[in-house]
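Have a look at my_file.cif; it's mmCIF, C-alpha atoms:
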```cif
data_protein
loop_
_atom_site.label_atom_id
_atom_site.label_comp_id
_atom_site.auth_asym_id
_atom_site.auth_seq_id
_atom_site.Cartn_x
_atom_site.Cartn_y
_atom_site.Cartn_z
CA MET A 1 81.32 -67.00 39.96
CA THR A 2 84.56 -68.49 38.66
CA LYS A 3 87.85 -66.71 39.02
CA THR A 4 88.00 -66.26 35.23
CA ALA A 5 84.58 -64.61 35.11
CA TRP A 6 85.44 -62.23 37.95
CA THR A 7 88.68 -61.32 36.19
CA LEU A 8 86.73 -60.52 33.02
CA VAL A 9 84.33 -58.24 34.91
CA VAL A 10 87.18 -56.35 36.60
CA VAL A 11 89.13 -55.94 33.36
CA LEU A 12 86.09 -54.58 31.53
CA SER A 13 85.43 -52.11 34.34
CA LEU A 14 89.01 -50.84 34.34
CA LEU A 15 89.05 -50.45 30.57
CA ILE A 16 85.65 -48.80 30.05
CA LEU A 17 84.81 -46.66 33.07
CA PRO A 18 87.89 -44.36 33.01
CA ALA A 19 87.12 -43.53 29.38
CA LEU A 20 83.63 -42.27 30.21
CA PRO A 21 83.05 -38.59 30.94
CA LEU A 22 81.88 -37.61 34.40
CA ALA A 23 78.15 -37.35 34.96
CA ALA A 24 76.84 -33.96 33.92
CA ALA A 25 75.44 -31.44 36.38
CA PRO A 26 73.24 -29.08 34.34
CA LEU A 27 71.48 -26.16 36.00
CA SER A 28 68.44 -27.17 38.03
CA GLY A 29 65.86 -25.62 40.32
CA SER A 30 63.53 -22.67 39.84
CA LEU A 31 64.46 -19.11 38.94
CA ASN A 32 62.26 -16.23 40.05
CA ILE A 33 62.96 -12.72 38.76
CA SER A 34 61.33 -9.28 38.71
CA GLY A 35 61.78 -6.12 36.69
CA SER A 36 60.01 -3.54 34.56
CA TRP A 37 58.95 -3.49 30.93
CA ARG A 38 57.28 -1.38 28.26
CA ILE A 39 54.72 -3.22 26.10
CA SER A 40 53.72 -2.10 22.58
CA GLN A 41 51.87 -3.86 19.76
CA ASP A 42 54.89 -5.80 18.49
CA ALA A 43 57.65 -5.39 21.10
CA ILE A 44 58.59 -5.72 24.76
CA ASP A 45 61.28 -3.35 26.01
CA PHE A 46 62.83 -4.41 29.30
CA PHE A 47 64.15 -1.45 31.30
CA PRO A 48 66.12 0.24 32.83
CA PRO A 49 68.17 1.42 31.01
CA ASP A 50 65.51 3.25 29.06
CA GLY A 51 65.47 2.45 25.35
CA GLY A 52 68.55 0.19 25.40
CA PRO A 53 68.67 -3.31 23.88
CA ASP A 54 68.79 -4.95 27.32
CA GLY A 55 67.04 -4.36 30.63
CA ILE A 56 67.89 -5.14 34.23
CA PHE A 57 66.12 -7.80 36.29
CA PHE A 58 66.52 -8.92 39.90
CA VAL A 59 66.84 -12.52 41.11
CA GLU A 60 64.28 -13.05 43.86
CA PRO A 61 64.96 -14.89 47.17
CA ALA A 62 62.25 -17.43 46.29
CA SER A 63 64.62 -18.96 43.71
CA THR A 64 65.71 -22.54 44.44
CA GLY A 65 68.38 -25.05 43.45
CA ASP A 66 71.38 -23.52 41.70
CA PHE A 67 69.68 -20.11 41.67
CA ALA A 68 69.30 -19.82 45.44
CA ALA A 69 72.98 -18.88 45.67
CA ILE A 70 72.53 -15.85 43.39
CA ALA A 71 69.40 -14.42 45.05
CA ASP A 72 69.35 -10.63 45.44
CA THR A 73 71.67 -10.12 42.46
CA GLN A 74 71.00 -8.60 39.05
CA GLY A 75 70.98 -9.78 35.49
CA THR A 76 70.08 -8.53 32.01
CA ALA A 77 67.24 -9.49 29.66
CA LYS A 78 67.21 -8.89 25.91
CA ASP A 79 64.25 -7.02 24.45
CA LEU A 80 61.70 -8.93 22.37
CA ASP A 81 60.49 -7.92 18.91
CA SER A 82 57.92 -9.89 16.89
CA SER A 83 58.62 -8.07 13.61
CA PRO A 84 60.36 -9.97 10.75
CA GLY A 85 63.81 -11.05 11.83
CA GLY A 86 62.85 -10.87 15.51
CA GLN A 87 61.14 -13.36 17.79
CA PRO A 88 57.80 -14.35 16.18
CA VAL A 89 55.06 -15.66 18.46
CA GLY A 90 54.24 -19.33 17.88
CA SER A 91 57.35 -20.13 15.78
CA ASP A 92 60.74 -21.56 16.70
CA PHE A 93 63.70 -19.16 16.75
CA LEU A 94 66.94 -18.64 18.67
CA LEU A 95 67.61 -15.61 20.86
CA SER A 96 70.98 -16.45 22.38
CA SER A 97 71.78 -15.07 25.84
CA PHE A 98 68.22 -13.90 26.39
CA LEU A 99 68.98 -13.84 30.13
CA LEU A 100 72.43 -13.29 31.63
CA PHE A 101 73.46 -13.16 35.29
CA ASP A 102 75.92 -10.73 36.86
CA ALA A 103 76.80 -13.18 39.66
CA GLN A 104 77.33 -16.08 37.21
CA PRO A 105 78.51 -14.59 33.88
CA THR A 106 79.10 -18.04 32.34
CA TRP A 107 75.42 -18.99 32.72
CA ARG A 108 72.92 -18.09 30.02
CA PHE A 109 69.30 -18.65 29.04
CA ASP A 110 68.64 -18.98 25.29
CA LEU A 111 65.03 -18.28 24.26
CA THR A 112 63.59 -20.50 21.51
CA TYR A 113 59.80 -20.16 21.65
CA ILE A 114 57.05 -17.76 22.76
CA GLN A 115 53.70 -19.45 23.32
CA PRO A 116 50.66 -17.82 21.66
CA GLY A 117 47.94 -16.69 24.05
CA VAL A 118 45.22 -19.26 24.76
CA PHE A 119 42.16 -16.95 24.58
CA THR A 120 40.32 -15.50 21.58
CA SER A 121 40.01 -11.83 20.67
CA ALA A 122 36.20 -11.93 20.86
CA ASN A 123 35.99 -10.09 24.19
CA CYS A 124 38.95 -7.76 23.74
CA ALA A 125 36.74 -4.74 23.03
CA THR A 126 33.71 -5.81 25.10
CA LEU A 127 32.26 -3.01 27.24
CA PRO A 128 31.61 -2.43 30.01
CA ALA A 129 34.61 -4.11 31.57
CA ALA A 130 33.73 -6.84 34.07
CA GLY A 131 35.41 -9.48 36.16
CA GLY A 132 36.00 -12.82 34.44
CA GLN A 133 36.43 -11.43 30.93
CA THR A 134 39.36 -12.87 28.94
CA CYS A 135 41.22 -11.75 25.83
CA THR A 136 44.19 -12.55 23.61
CA PRO A 137 44.68 -9.70 21.10
CA ALA A 138 45.03 -10.41 17.39
CA PHE A 139 48.24 -8.35 17.22
CA PRO A 140 51.01 -8.89 16.44
CA PRO A 141 49.99 -11.23 13.58
CA PRO A 142 49.06 -13.96 13.84
CA LYS A 143 48.40 -13.64 17.57
CA SER A 144 49.61 -11.98 20.76
CA PRO A 145 51.42 -14.02 23.43
CA PHE A 146 49.39 -12.34 26.17
CA ASN A 147 46.60 -13.92 28.18
CA LEU A 148 44.57 -11.01 29.55
CA ILE A 149 42.07 -11.53 32.39
CA ASN A 150 39.89 -8.98 34.15
CA ALA A 151 39.87 -9.71 37.86
CA SER A 152 37.19 -7.04 38.25
CA ALA A 153 35.78 -4.07 36.37
CA THR A 154 38.83 -2.06 37.42
CA SER A 155 41.73 -4.55 37.63
CA SER A 156 43.39 -7.08 35.34
CA SER A 157 46.42 -9.29 34.75
CA ALA A 158 48.56 -10.22 31.76
CA THR A 159 50.65 -13.38 31.40
CA PHE A 160 52.62 -15.12 28.66
CA ASN A 161 54.71 -18.28 28.48
CA VAL A 162 58.14 -19.01 27.02
CA ARG A 163 60.58 -21.88 26.74
CA GLY A 164 64.20 -22.46 25.81
CA TYR A 165 67.50 -23.86 27.09
CA ALA A 166 69.72 -22.88 30.02
CA TYR A 167 73.48 -23.49 29.99
CA ASN A 168 76.04 -23.58 32.80
CA ALA A 169 79.79 -22.87 32.65
CA ALA A 170 80.47 -26.30 31.11
CA ASN A 171 77.78 -25.70 28.46
CA GLU A 172 75.63 -28.44 29.97
CA LYS A 173 72.00 -27.96 28.98
CA SER A 174 68.66 -27.79 30.78
CA LEU A 175 65.22 -27.25 29.30
CA TYR A 176 63.28 -24.39 30.89
CA VAL A 177 59.69 -23.18 30.75
CA GLY A 178 58.80 -19.75 32.08
CA THR A 179 55.80 -17.55 32.79
CA TYR A 180 55.79 -13.74 32.86
CA THR A 181 53.07 -11.98 34.84
CA THR A 182 51.97 -8.37 35.30
CA GLN A 183 49.18 -7.13 37.57
CA PHE A 184 47.20 -3.97 36.79
CA GLU A 185 45.49 -2.95 40.02
CA ASN A 186 43.57 0.04 38.64
CA ARG A 187 42.92 -0.79 34.97
CA PRO A 188 40.86 -3.36 33.07
CA TYR A 189 42.50 -4.79 29.97
CA GLN A 190 40.18 -2.79 27.69
CA THR A 191 41.90 0.46 28.64
CA LEU A 192 45.34 -1.13 28.31
CA LEU A 193 44.57 -2.28 24.78
CA ALA A 194 43.12 1.11 23.86
CA ASP A 195 46.42 2.76 24.81
CA ILE A 196 48.53 0.22 22.93
CA ILE A 197 46.42 0.51 19.77
CA ALA A 198 46.73 4.31 20.00
CA GLY A 199 50.53 3.94 20.08
CA ILE A 200 50.92 4.59 23.81
CA PRO A 201 53.13 1.83 25.29
CA VAL A 202 52.07 0.37 28.63
CA GLU A 203 54.78 0.49 31.32
CA LYS A 204 54.60 -1.72 34.39
CA SER A 205 56.60 -3.99 36.67
CA TYR A 206 56.55 -7.76 36.08
CA SER A 207 57.51 -11.00 37.75
CA ALA A 208 58.63 -14.20 36.05
CA SER A 209 59.19 -17.79 37.14
CA PHE A 210 61.24 -20.42 35.30
CA THR A 211 61.38 -24.15 36.02
CA LEU A 212 64.40 -26.11 34.77
CA THR A 213 64.64 -29.77 33.76
CA PRO A 214 68.25 -31.01 33.33
CA ILE A 215 68.97 -32.90 30.10
CA PRO A 216 71.29 -35.90 30.73
CA GLU A 217 74.59 -35.81 28.91
CA PRO A 218 75.68 -38.83 26.81
CA GLY A 219 78.26 -39.72 29.45
CA THR A 220 75.57 -40.16 32.08
CA LEU A 221 73.59 -42.48 29.86
CA SER A 222 76.73 -44.43 28.96
CA ILE A 223 77.57 -45.04 32.62
CA MET A 224 74.04 -46.32 33.22
CA LEU A 225 74.25 -48.68 30.23
CA ILE A 226 77.70 -49.97 31.19
CA GLY A 227 76.56 -50.59 34.75
CA THR A 228 73.61 -52.57 33.47
CA GLY A 229 75.89 -54.52 31.16
CA LEU A 230 78.31 -55.43 33.98
CA LEU A 231 75.44 -56.65 36.13
CA ALA A 232 74.20 -58.77 33.26
CA LEU A 233 77.69 -60.18 32.75
CA GLY A 234 77.93 -61.10 36.41
CA THR A 235 74.56 -62.89 36.23
CA LEU A 236 75.65 -64.75 33.13
CA ALA A 237 78.91 -65.84 34.80
CA ARG A 238 77.00 -67.25 37.80
CA ARG A 239 74.76 -69.22 35.46
CA VAL A 240 77.78 -70.64 33.62
CA ARG A 241 79.31 -71.72 36.92
CA ARG A 242 76.13 -73.66 37.77
#
```

Encoding of this model in structure tokens:
Amino acid sequence: MTKTAWTLVVVLSLLILPALPLAAAPLSGSLNISGSWRISQDAIDFFPPDGGPDGIFFVEPASTGDFAAIADTQGTAKDLDSSPGGQPVGSDFLLSSFLLFDAQPTWRFDLTYIQPGVFTSANCATLPAAGGQTCTPAFPPPKSPFNLINASATSSSATFNVRGYAYNAANEKSLYVGTYTTQFENRPYQTLLADIIAGIPVEKSYSASFTLTPIPEPGTLSIMLIGTGLLALGTLARRVRR
């Protein structure tokens, strides 16, 4: 490469690179939490405190990445309501600060979507209860988020899936997907649904797991493009020299 070409490469580097923002470091890893909730036909109330707008959750030691450092601490979760103006199942919305963390108050999880359950309601009232039966209730309209499965005639599980965006102190963004799970050791889902339909909320502990995928900031992409451009310039200069 000629001296002139090298000078051009160096000058471009000095002019462009300092103007670029530093590479982003959005939240990454997996978050595992546990807590308690009260489930009714159109709402989920996280508790304690009982009846308040938010409920307490605990960060589990199984959390990884950025969340490993806040294991065994608490946070708060906002209640969910599928009624008009709330968080409808199967439609986009924004519930800002859905999850907040006591140990990292500048972090937040915004909730943007609740996945409808994947089963039909055909077996929701099937009796007798038996292992292998599945159900997604028809409430709240148009469909519940819950996937109900009977593990046996006397035990069942309920899961539902969510997604949204997680933000760190610098407001850098990560996409997250999460799954909530509850185990009912002594009840098939038929008896759970009977209580809910009768207006008796079901109270139980839950666990939830969230996986985060960092979203690159424009500065990161710019650095990659500039680096590629400088390499191309160097190649071009060598060809000119030949």

Tell me, counting all atoms listed in the file, for each residue of segment 174-197 of chain A within 8 Å of segment 150-170 of chain A, which pair of atoms is nearest and how far apart they are in Å to one decimal, in rows ordered by chain and increasing number, as JSON lines.
```
{"residue": "A:Ser174", "atom": "CA", "partner": "A:Ala166", "partner_atom": "CA", "distance": 5.1}
{"residue": "A:Leu175", "atom": "CA", "partner": "A:Tyr165", "partner_atom": "CA", "distance": 4.6}
{"residue": "A:Tyr176", "atom": "CA", "partner": "A:Gly164", "partner_atom": "CA", "distance": 5.5}
{"residue": "A:Val177", "atom": "CA", "partner": "A:Arg163", "partner_atom": "CA", "distance": 4.3}
{"residue": "A:Gly178", "atom": "CA", "partner": "A:Val162", "partner_atom": "CA", "distance": 5.2}
{"residue": "A:Thr179", "atom": "CA", "partner": "A:Asn161", "partner_atom": "CA", "distance": 4.5}
{"residue": "A:Tyr180", "atom": "CA", "partner": "A:Thr159", "partner_atom": "CA", "distance": 5.4}
{"residue": "A:Thr181", "atom": "CA", "partner": "A:Thr159", "partner_atom": "CA", "distance": 4.4}
{"residue": "A:Thr182", "atom": "CA", "partner": "A:Ala158", "partner_atom": "CA", "distance": 5.3}
{"residue": "A:Gln183", "atom": "CA", "partner": "A:Ser157", "partner_atom": "CA", "distance": 4.5}
{"residue": "A:Phe184", "atom": "CA", "partner": "A:Ser156", "partner_atom": "CA", "distance": 5.1}
{"residue": "A:Glu185", "atom": "CA", "partner": "A:Ser155", "partner_atom": "CA", "distance": 4.7}
{"residue": "A:Asn186", "atom": "CA", "partner": "A:Ser155", "partner_atom": "CA", "distance": 5.0}
{"residue": "A:Arg187", "atom": "CA", "partner": "A:Ser155", "partner_atom": "CA", "distance": 4.8}
{"residue": "A:Pro188", "atom": "CA", "partner": "A:Ser155", "partner_atom": "CA", "distance": 4.8}
{"residue": "A:Tyr189", "atom": "CA", "partner": "A:Ser156", "partner_atom": "CA", "distance": 5.9}
```

Restrict the selected residues to C-alpha atoms and save them as a PDB file, in the coordinates of the input.
```pdb
ATOM      1  CA  SER A 174      68.660 -27.790  30.780  1.00  0.00           C
ATOM      2  CA  LEU A 175      65.220 -27.250  29.300  1.00  0.00           C
ATOM      3  CA  TYR A 176      63.280 -24.390  30.890  1.00  0.00           C
ATOM      4  CA  VAL A 177      59.690 -23.180  30.750  1.00  0.00           C
ATOM      5  CA  GLY A 178      58.800 -19.750  32.080  1.00  0.00           C
ATOM      6  CA  THR A 179      55.800 -17.550  32.790  1.00  0.00           C
ATOM      7  CA  TYR A 180      55.790 -13.740  32.860  1.00  0.00           C
ATOM      8  CA  THR A 181      53.070 -11.980  34.840  1.00  0.00           C
ATOM      9  CA  THR A 182      51.970  -8.370  35.300  1.00  0.00           C
ATOM     10  CA  GLN A 183      49.180  -7.130  37.570  1.00  0.00           C
ATOM     11  CA  PHE A 184      47.200  -3.970  36.790  1.00  0.00           C
ATOM     12  CA  GLU A 185      45.490  -2.950  40.020  1.00  0.00           C
ATOM     13  CA  ASN A 186      43.570   0.040  38.640  1.00  0.00           C
ATOM     14  CA  ARG A 187      42.920  -0.790  34.970  1.00  0.00           C
ATOM     15  CA  PRO A 188      40.860  -3.360  33.070  1.00  0.00           C
ATOM     16  CA  TYR A 189      42.500  -4.790  29.970  1.00  0.00           C
TER      17      TYR A 189
END
```

If you count all atoms listed in the file, which residues fall within 10 Å of Gln87 of chain A, apart from same-chain ones fewer than 4 positions away, as a PyMOL selection string?
chain A and resi 42-43+79-83+91-95+111-114

Save out the residues we just selected, C-alpha atoms, as a JSON list (two decimals), in the coordinates of the input.
```json
[["chain", "number", "residue", "atom", "x", "y", "z"],
["A", 42, "ASP", "CA", 54.89, -5.80, 18.49],
["A", 43, "ALA", "CA", 57.65, -5.39, 21.10],
["A", 79, "ASP", "CA", 64.25, -7.02, 24.45],
["A", 80, "LEU", "CA", 61.70, -8.93, 22.37],
["A", 81, "ASP", "CA", 60.49, -7.92, 18.91],
["A", 82, "SER", "CA", 57.92, -9.89, 16.89],
["A", 83, "SER", "CA", 58.62, -8.07, 13.61],
["A", 91, "SER", "CA", 57.35, -20.13, 15.78],
["A", 92, "ASP", "CA", 60.74, -21.56, 16.70],
["A", 93, "PHE", "CA", 63.70, -19.16, 16.75],
["A", 94, "LEU", "CA", 66.94, -18.64, 18.67],
["A", 95, "LEU", "CA", 67.61, -15.61, 20.86],
["A", 111, "LEU", "CA", 65.03, -18.28, 24.26],
["A", 112, "THR", "CA", 63.59, -20.50, 21.51],
["A", 113, "TYR", "CA", 59.80, -20.16, 21.65],
["A", 114, "ILE", "CA", 57.05, -17.76, 22.76]]
```

In terms of only C-alpha atoms, the residue from A:Phe98, A:Phe146, A:Trp107, A:Phe58 at minimal distance from Lys78 of chain A is A:Phe98

Go through the shown structure with the PyMOL selection byres ((chain A and resi 134) around 6) and write out the matching residues as number ranges by chain.
A: 133, 135, 148-149

Selection result for the PyMOL selection byres ((chain A and resi 34) around 7) on this file, as a VMD selection string:
chain A and resid 33 35 57 to 59 206 to 208

Please compute the atom CA of Thr120 of chain A-atom CA of Pro84 of chain A distance, one decimal, in Å.
23.4 Å

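Note that the spacing between atom CA of Leu31 of chain A and atom CA of Pro61 of chain A amounts to 9.3 Å.
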